[in-house]
$ cat entry.tsv   # TSV, C-alpha atoms
chain	number	residue	atom	x	y	z
L	1	MET	CA	141.71	82.25	176.84
L	2	PHE	CA	143.82	84.43	174.60
L	3	GLU	CA	146.45	87.08	175.22
L	4	LEU	CA	144.92	90.55	175.29
L	5	PHE	CA	145.69	93.12	172.61
L	6	LYS	CA	145.94	96.32	174.60
L	7	GLY	CA	144.34	99.47	173.26
L	8	GLU	CA	142.21	97.69	170.63
L	9	PRO	CA	138.39	97.24	170.54
L	10	GLU	CA	137.20	93.97	172.03
L	11	ASP	CA	135.79	92.59	168.74
L	12	GLN	CA	139.01	93.36	166.89
L	13	MET	CA	140.99	91.73	169.68
L	14	ASP	CA	138.80	88.62	169.50
L	15	VAL	CA	139.17	88.40	165.72
L	16	LYS	CA	142.97	88.56	165.93
L	17	SER	CA	143.24	86.07	168.76
L	18	SER	CA	140.75	83.67	167.15
L	19	ARG	CA	142.54	83.87	163.80
L	20	ASP	CA	145.94	83.30	165.41
L	21	ALA	CA	144.61	80.28	167.29
L	22	ALA	CA	142.91	78.84	164.19
L	23	ILE	CA	145.98	79.25	161.97
L	24	ARG	CA	148.22	77.79	164.67
L	25	PHE	CA	145.91	74.79	165.02
L	26	ILE	CA	145.77	74.17	161.26
L	27	LYS	CA	149.55	74.55	161.08
L	28	GLU	CA	150.06	71.96	163.84
L	29	GLU	CA	147.79	69.46	162.10
L	30	LEU	CA	149.37	69.91	158.66
L	31	GLN	CA	152.83	69.70	160.21
L	32	LYS	CA	152.05	66.10	161.16
L	33	LEU	CA	151.88	65.15	157.49
L	34	GLU	CA	154.87	64.03	155.51
L	35	GLY	CA	155.48	65.88	152.25
L	36	GLY	CA	153.99	63.42	149.78
L	37	GLU	CA	150.97	62.63	151.92
L	38	GLY	CA	149.40	65.97	151.11
L	39	ARG	CA	148.62	64.79	147.61
L	40	ASN	CA	145.89	62.56	149.06
L	41	ILE	CA	144.07	65.52	150.59
L	42	ARG	CA	141.11	66.79	148.58
L	43	GLY	CA	140.27	69.58	150.96
L	44	LEU	CA	139.98	70.93	154.46
L	45	GLN	CA	136.70	71.27	156.35
L	46	ILE	CA	136.73	73.70	159.26
L	47	PHE	CA	133.82	73.33	161.67
L	48	VAL	CA	133.04	76.17	164.05
L	49	CYS	CA	130.88	75.56	167.11
L	50	SER	CA	130.34	78.84	168.93
L	51	PRO	CA	127.55	80.93	170.50
L	52	SER	CA	125.54	82.85	167.91
L	53	GLU	CA	126.71	86.19	169.33
L	54	LYS	CA	130.31	85.20	168.49
L	55	LYS	CA	129.62	83.99	164.94
L	56	HIS	CA	130.58	87.34	163.41
L	57	VAL	CA	133.96	87.13	165.16
L	58	TYR	CA	134.73	83.75	163.62
L	59	GLU	CA	133.44	84.86	160.22
L	60	ALA	CA	135.95	87.71	160.27
L	61	ALA	CA	138.73	85.56	161.74
L	62	LEU	CA	138.33	82.93	159.00
L	63	TYR	CA	137.84	85.44	156.15
L	64	VAL	CA	134.33	84.17	155.35
L	65	GLY	CA	133.63	87.39	153.46
L	66	GLU	CA	136.89	87.23	151.48
L	67	PRO	CA	136.82	84.06	149.33
L	68	GLY	CA	140.26	82.63	148.72
L	69	ARG	CA	142.12	84.47	151.46
L	70	LEU	CA	142.02	81.66	154.03
L	71	LYS	CA	143.05	79.19	151.33
L	72	ASP	CA	146.07	81.37	150.54
L	73	GLU	CA	147.07	81.36	154.22
L	74	VAL	CA	146.83	77.57	154.41
L	75	GLN	CA	148.71	77.14	151.12
L	76	LYS	CA	151.59	79.15	152.58
L	77	ILE	CA	151.71	76.78	155.54
L	78	ALA	CA	151.72	73.77	153.20
L	79	ASP	CA	154.55	75.29	151.16
L	80	ASP	CA	156.60	75.98	154.30
L	81	PHE	CA	156.38	72.33	155.33
L	82	ASP	CA	156.78	70.93	151.81
L	83	ILE	CA	153.26	69.45	151.85
L	84	GLU	CA	152.26	68.78	148.25
L	85	LEU	CA	148.58	69.63	148.18
L	86	PRO	CA	146.86	68.95	144.83
L	87	SER	CA	146.14	71.96	142.65
L	88	ASN	CA	142.36	71.62	143.06
L	89	TRP	CA	142.17	71.28	146.84
L	90	THR	CA	139.33	73.12	148.58
L	91	ILE	CA	138.61	74.65	151.97
L	92	GLU	CA	135.20	75.04	153.62
L	93	VAL	CA	134.02	76.75	156.80
L	94	ASP	CA	130.84	75.35	158.37
L	95	PHE	CA	129.07	76.70	161.44
L	96	VAL	CA	127.52	73.86	163.42
L	97	ASP	CA	125.70	73.26	166.71
L	98	SER	CA	128.17	70.55	167.71
L	99	LEU	CA	131.46	69.32	166.28
L	100	PRO	CA	131.23	66.04	164.32
L	101	PRO	CA	132.97	63.12	166.07
L	102	GLU	CA	135.29	62.60	163.09
L	103	VAL	CA	137.02	65.97	163.39
L	104	LYS	CA	140.22	66.89	165.19
L	105	LYS	CA	139.25	69.35	167.91
L	106	ALA	CA	141.31	72.40	168.78
L	107	ALA	CA	142.32	72.75	172.43
L	108	ASP	CA	141.84	76.51	172.86
L	109	ILE	CA	139.20	77.53	170.32
L	110	ASP	CA	135.68	76.40	169.33
L	111	LEU	CA	136.90	74.79	166.14
L	112	GLY	CA	137.40	71.38	164.55
L	113	LEU	CA	139.36	70.33	161.46
L	114	PHE	CA	138.73	67.50	159.05
L	115	LEU	CA	141.14	66.59	156.25
L	116	LYS	CA	139.06	65.30	153.35
L	117	THR	CA	140.26	62.47	151.16
L	118	ARG	CA	138.32	60.46	148.58
L	119	GLN	CA	137.85	57.71	151.15
L	120	ASN	CA	136.78	59.68	154.23
L	121	LEU	CA	134.41	62.47	153.17
L	122	ILE	CA	132.03	63.52	155.92
L	123	GLN	CA	128.53	62.93	154.63
L	124	LYS	CA	126.52	65.96	155.66
L	125	GLU	CA	122.74	65.89	155.81
L	126	LEU	CA	121.10	69.25	155.26
L	127	SER	CA	117.71	70.69	154.61
L	128	ALA	CA	116.99	74.13	153.22
L	129	CYS	CA	114.05	76.48	152.97
L	130	ILE	CA	113.23	78.26	149.72
L	131	ARG	CA	111.01	81.23	150.59
L	132	ILE	CA	109.12	83.24	147.98
L	133	LEU	CA	109.82	86.95	148.51
L	134	HIS	CA	108.26	88.33	145.32
L	135	GLY	CA	106.06	86.62	142.79
L	136	GLU	CA	103.37	84.01	143.43
L	137	ALA	CA	104.23	80.32	143.71
L	138	GLU	CA	101.94	77.48	144.74
L	139	LYS	CA	103.35	77.73	148.28
L	140	GLU	CA	105.09	80.51	150.20
L	141	GLU	CA	107.88	78.19	151.40
L	142	TYR	CA	109.44	74.96	150.16
L	143	ILE	CA	111.63	72.59	152.16
L	144	ILE	CA	114.27	70.72	150.18
L	145	ASN	CA	116.54	67.94	151.46
L	146	SER	CA	120.04	66.75	150.68
L	147	GLY	CA	118.70	63.37	149.60
L	148	THR	CA	116.69	64.96	146.77
L	149	GLU	CA	118.47	64.63	143.44
L	150	LYS	CA	116.87	67.61	141.66
L	151	VAL	CA	114.40	70.37	142.49
L	152	SER	CA	113.01	72.00	139.32
L	153	ILE	CA	111.82	75.62	139.28
L	154	GLY	CA	109.57	77.15	136.63
L	155	ARG	CA	106.22	78.50	135.49
L	156	GLU	CA	103.38	75.97	135.74
L	157	ARG	CA	103.52	72.67	137.61
L	158	SER	CA	103.66	70.38	134.58
L	159	VAL	CA	105.20	71.39	131.24
L	160	LYS	CA	106.25	69.60	128.08
L	161	GLY	CA	109.88	70.06	127.08
L	162	ALA	CA	111.41	70.29	123.60
L	163	ASP	CA	112.41	66.62	123.93
L	164	GLY	CA	108.75	65.64	124.29
L	165	PHE	CA	109.03	64.59	127.93
L	166	ILE	CA	106.97	66.07	130.75
L	167	ARG	CA	108.84	68.17	133.30
L	168	ILE	CA	107.41	68.56	136.80
L	169	ASN	CA	108.35	71.80	138.49
L	170	ASN	CA	108.70	71.21	142.22
L	171	ILE	CA	108.67	74.96	142.84
L	172	ALA	CA	105.93	76.14	140.49
L	173	PHE	CA	104.73	79.66	139.68
L	174	PRO	CA	101.19	79.50	138.21
L	175	GLY	CA	100.95	81.00	134.74
L	176	ASP	CA	97.42	82.32	135.33
L	177	SER	CA	98.50	84.38	138.34
L	178	THR	CA	97.79	88.10	138.26
L	179	ASN	CA	101.22	88.70	139.78
L	180	GLU	CA	103.30	90.48	137.11
L	181	ALA	CA	106.54	88.76	138.21
L	182	ASN	CA	105.24	85.33	137.14
L	183	LYS	CA	105.06	86.36	133.48
L	184	TYR	CA	108.85	86.49	133.17
L	185	ILE	CA	109.55	83.07	134.63
L	186	SER	CA	110.31	80.37	132.08
L	187	ARG	CA	108.59	77.01	132.14
L	188	GLN	CA	112.06	75.44	132.43
L	189	HIS	CA	113.88	78.14	134.35
L	190	ALA	CA	116.27	76.57	136.86
L	191	HIS	CA	116.91	73.70	139.22
L	192	ILE	CA	118.62	73.07	142.55
L	193	SER	CA	120.67	69.95	143.10
L	194	TRP	CA	122.60	68.49	146.03
L	195	ASN	CA	126.36	68.08	145.61
L	196	THR	CA	127.05	64.85	147.51
L	197	GLU	CA	130.82	65.07	147.27
L	198	ASN	CA	131.13	68.52	148.82
L	199	GLY	CA	127.94	68.68	150.86
L	200	TYR	CA	126.10	71.73	149.56
L	201	PHE	CA	123.16	72.78	147.40
L	202	MET	CA	123.83	74.23	143.94
L	203	LEU	CA	121.65	76.34	141.65
L	204	PHE	CA	121.77	75.72	137.89
L	205	ALA	CA	120.07	77.59	135.07
L	206	ASP	CA	118.00	75.53	132.67
L	207	GLU	CA	117.43	76.35	128.99
L	208	GLY	CA	114.74	78.91	129.69
L	209	GLY	CA	116.81	80.68	132.32
L	210	VAL	CA	119.78	81.77	130.23
L	211	PRO	CA	120.09	84.37	127.45
L	212	PRO	CA	118.49	84.98	125.02
L	213	HIS	CA	115.56	83.76	127.13
L	214	ASN	CA	114.91	84.82	130.70
L	215	LYS	CA	117.63	85.27	133.27
L	216	ILE	CA	118.87	84.36	136.73
L	217	LYS	CA	120.76	86.61	139.12
L	218	ILE	CA	121.96	85.83	142.65
L	219	LYS	CA	122.61	88.42	145.33
L	220	SER	CA	124.71	87.03	148.18
L	221	LEU	CA	125.02	88.64	151.59
L	222	ASN	CA	128.77	89.21	151.26
L	223	ASP	CA	128.90	90.24	147.60
L	224	GLU	CA	128.15	93.75	146.41
L	225	ALA	CA	127.45	92.86	142.78
L	226	PRO	CA	124.89	90.19	141.79
L	227	ILE	CA	126.08	87.02	140.09
L	228	LYS	CA	124.55	86.13	136.71
L	229	LEU	CA	124.14	82.59	135.43
L	230	ASN	CA	124.82	82.54	131.69
L	231	SER	CA	125.37	78.82	131.21
L	232	THR	CA	123.44	75.67	132.03
L	233	GLN	CA	126.71	73.89	132.81
L	234	ILE	CA	128.15	76.19	135.47
L	235	GLY	CA	126.26	76.25	138.76
L	236	HIS	CA	126.29	78.51	141.81
L	237	VAL	CA	126.93	77.19	145.33
L	238	LEU	CA	124.01	78.40	147.42
L	239	ARG	CA	124.96	80.19	150.64
L	240	GLU	CA	122.94	81.34	153.60
L	241	GLY	CA	120.70	84.26	152.70
L	242	ASP	CA	121.21	84.12	148.93
L	243	GLN	CA	118.43	85.90	147.06
L	244	ILE	CA	117.68	84.50	143.59
L	245	ILE	CA	116.01	86.69	140.97
L	246	LEU	CA	114.09	84.72	138.35
L	247	GLY	CA	113.23	86.62	135.18
L	248	GLU	CA	112.59	90.30	135.82
L	249	SER	CA	111.39	90.53	139.40
L	250	ALA	CA	110.43	87.21	141.02
L	251	VAL	CA	112.68	86.70	144.05
L	252	VAL	CA	113.26	83.62	146.21
L	253	GLU	CA	115.50	83.31	149.26
L	254	PHE	CA	117.71	80.38	150.29
L	255	ARG	CA	118.08	79.50	153.97
L	256	SER	CA	119.78	76.34	155.22
L	257	ILE	CA	118.35	74.19	158.00
L	258	ALA	CA	121.03	72.09	159.72
L	259	LYS	CA	119.87	68.70	160.94

$ encode --input "entry.tsv" --output "structure tokens"
Amino acid sequence: MFELFKGEPEDQMDVKSSRDAAIRFIKEELQKLEGGEGRNIRGLQIFVCSPSEKKHVYEAALYVGEPGRLKDEVQKIADDFDIELPSNWTIEVDFVDSLPPEVKKAADIDLGLFLKTRQNLIQKELSACIRILHGEAEKEEYIINSGTEKVSIGRERSVKGADGFIRINNIAFPGDSTNEANKYISRQHAHISWNTENGYFMLFADEGGVPPHNKIKIKSLNDEAPIKLNSTQIGHVLREGDQIILGESAVVEFRSIAK
């Protein structure tokens, strides 16, 4: 399919050829736009449909482990063709079992491209599994869906908030558990919500999950240092394999389930 890079390992060759093909495809699609039209674009969605044994090749080719690098490459293309993308445009890479019918399909690579505007967002339906790795919750696993507005996490199933209203924790850690990790989980620790506009789950700290109370840390597969949530207003986009530490030692894992 691609021209061989002599003298280089096969994986490295595949990464280079896949990246070249992907960038060329994106360039050809953006080149079709007139300069001013780029201002209507809110983002690019790249869909990859490939065998599981090739996923690591596409992850490297599309800089999945280097946030911002692919966006810089695409921005250079837009600048070369005088395409005025808005300052807050986004780019996403999604691995799927089949390419959505709305996308533009590449001819020589397992990839599709969708240019997002306010009018034509692809509505993704996703489910995810929250698995308890350490600590004791009412269940070992919880399935959450994109149609669910809010999934609350905390100690005890039903708690009364400072506003006098009753909060129901969908993922509840019993307070009478003998598991030491449960003691450091707040009654109003965190919640997960579905971002309809961008099509992903987000984790937010609640009042009991930020300093000076308990804490939340997230360890992602591609990040060496854990991420700390210090505000109830700024959320974290949940990615495959994220491990969430609640309090001192309770740990839950996020895994997506594509429909």

$ residues_around --input "entry.tsv" --residues "stretch 215-217 of chain L" --least-positions-apart "3" --cutoff "12 Å" --atoms "only C-alpha atoms" --output "PyMOL selection string"
chain L and resi 153-154+184-186+188-191+203-212+220+225-232+235-236+242-253

$ closest_residue --input "entry.tsv" --among "L:Asp108, L:Ala78, L:Leu99, L:Gln45" --to "L:Ser17" --atoms "all atoms listed in the file"
L:Asp108

$ atom_distance --input "entry.tsv" --atom1 "atom CA of L:Asn182" --atom2 "atom CA of L:Phe165"
23.0 Å

$ residues_around --input "entry.tsv" --residues "L:Asp94" --least-positions-apart "6" --cutoff "8 Å" --atoms "only C-alpha atoms" --output "number ranges by chain"
L: 45-48

$ atom_distance --input "entry.tsv" --atom1 "atom CA of L:Phe114" --atom2 "atom CA of L:Asp79"
19.3 Å

$ closest_residue --input "entry.tsv" --among "L:Glu180, L:Glu84, L:Asp223, L:Glu125" --to "L:Asn145" --atoms "only C-alpha atoms"
L:Glu125

$ residues_near_point --input "entry.tsv" --point "(143.8, 85.2, 161.6)" --cutoff "10 Å" --atoms "only C-alpha atoms" --output "VMD selection string"
chain L and resid 14 to 24 58 60 to 63 70 73

$ decode --input "entry.tsv" --residues "stretch 139-158 of chain L" --atoms "N, CA and C atoms" --output "PDB file, in the first residue's frame"
ATOM      1  N   LYS L 139     -21.228  -2.166  44.170  1.00  0.00           N
ATOM      2  CA  LYS L 139     -21.010  -3.125  43.087  1.00  0.00           C
ATOM      3  C   LYS L 139     -19.549  -3.053  42.653  1.00  0.00           C
ATOM      4  N   GLU L 140     -19.070  -4.093  42.006  1.00  0.00           N
ATOM      5  CA  GLU L 140     -17.692  -4.105  41.522  1.00  0.00           C
ATOM      6  C   GLU L 140     -17.553  -3.334  40.218  1.00  0.00           C
ATOM      7  N   GLU L 141     -18.626  -3.259  39.426  1.00  0.00           N
ATOM      8  CA  GLU L 141     -18.609  -2.551  38.146  1.00  0.00           C
ATOM      9  C   GLU L 141     -19.905  -1.774  37.961  1.00  0.00           C
ATOM     10  N   TYR L 142     -19.801  -0.639  37.297  1.00  0.00           N
ATOM     11  CA  TYR L 142     -20.964   0.184  36.973  1.00  0.00           C
ATOM     12  C   TYR L 142     -20.918   0.524  35.486  1.00  0.00           C
ATOM     13  N   ILE L 143     -22.043   0.394  34.822  1.00  0.00           N
ATOM     14  CA  ILE L 143     -22.137   0.777  33.411  1.00  0.00           C
ATOM     15  C   ILE L 143     -22.853   2.117  33.336  1.00  0.00           C
ATOM     16  N   ILE L 144     -22.220   3.089  32.673  1.00  0.00           N
ATOM     17  CA  ILE L 144     -22.836   4.400  32.494  1.00  0.00           C
ATOM     18  C   ILE L 144     -23.034   4.643  30.999  1.00  0.00           C
ATOM     19  N   ASN L 145     -24.030   5.437  30.656  1.00  0.00           N
ATOM     20  CA  ASN L 145     -24.382   5.666  29.254  1.00  0.00           C
ATOM     21  C   ASN L 145     -24.358   7.143  28.905  1.00  0.00           C
ATOM     22  N   SER L 146     -24.162   7.410  27.621  1.00  0.00           N
ATOM     23  CA  SER L 146     -24.059   8.796  27.162  1.00  0.00           C
ATOM     24  C   SER L 146     -25.353   9.573  27.376  1.00  0.00           C
ATOM     25  N   GLY L 147     -26.473   8.889  27.474  1.00  0.00           N
ATOM     26  CA  GLY L 147     -27.733   9.587  27.693  1.00  0.00           C
ATOM     27  C   GLY L 147     -27.952  10.019  29.132  1.00  0.00           C
ATOM     28  N   THR L 148     -27.083   9.546  30.049  1.00  0.00           N
ATOM     29  CA  THR L 148     -27.219   9.900  31.467  1.00  0.00           C
ATOM     30  C   THR L 148     -26.607  11.269  31.730  1.00  0.00           C
ATOM     31  N   GLU L 149     -27.389  12.152  32.334  1.00  0.00           N
ATOM     32  CA  GLU L 149     -26.920  13.525  32.531  1.00  0.00           C
ATOM     33  C   GLU L 149     -25.799  13.615  33.563  1.00  0.00           C
ATOM     34  N   LYS L 150     -25.916  12.863  34.674  1.00  0.00           N
ATOM     35  CA  LYS L 150     -24.938  13.001  35.751  1.00  0.00           C
ATOM     36  C   LYS L 150     -24.863  11.715  36.558  1.00  0.00           C
ATOM     37  N   VAL L 151     -23.634  11.261  36.826  1.00  0.00           N
ATOM     38  CA  VAL L 151     -23.406  10.085  37.652  1.00  0.00           C
ATOM     39  C   VAL L 151     -22.616  10.535  38.872  1.00  0.00           C
ATOM     40  N   SER L 152     -23.256  10.545  40.051  1.00  0.00           N
ATOM     41  CA  SER L 152     -22.618  11.037  41.269  1.00  0.00           C
ATOM     42  C   SER L 152     -21.834   9.925  41.956  1.00  0.00           C
ATOM     43  N   ILE L 153     -20.697  10.296  42.537  1.00  0.00           N
ATOM     44  CA  ILE L 153     -19.813   9.351  43.223  1.00  0.00           C
ATOM     45  C   ILE L 153     -19.572   9.853  44.648  1.00  0.00           C
ATOM     46  N   GLY L 154     -19.702   8.966  45.638  1.00  0.00           N
ATOM     47  CA  GLY L 154     -19.443   9.397  47.004  1.00  0.00           C
ATOM     48  C   GLY L 154     -19.662   8.296  48.015  1.00  0.00           C
ATOM     49  N   ARG L 155     -19.459   8.652  49.279  1.00  0.00           N
ATOM     50  CA  ARG L 155     -19.642   7.701  50.379  1.00  0.00           C
ATOM     51  C   ARG L 155     -21.106   7.726  50.811  1.00  0.00           C
ATOM     52  N   GLU L 156     -21.683   6.559  50.913  1.00  0.00           N
ATOM     53  CA  GLU L 156     -23.102   6.345  51.224  1.00  0.00           C
ATOM     54  C   GLU L 156     -23.960   6.576  49.974  1.00  0.00           C
ATOM     55  N   ARG L 157     -25.070   5.857  49.916  1.00  0.00           N
ATOM     56  CA  ARG L 157     -25.975   5.955  48.777  1.00  0.00           C
ATOM     57  C   ARG L 157     -26.761   7.276  48.795  1.00  0.00           C
ATOM     58  N   SER L 158     -27.282   7.631  49.941  1.00  0.00           N
ATOM     59  CA  SER L 158     -28.123   8.820  50.062  1.00  0.00           C
ATOM     60  C   SER L 158     -27.546   9.745  51.129  1.00  0.00           C
TER      61      SER L 158
END
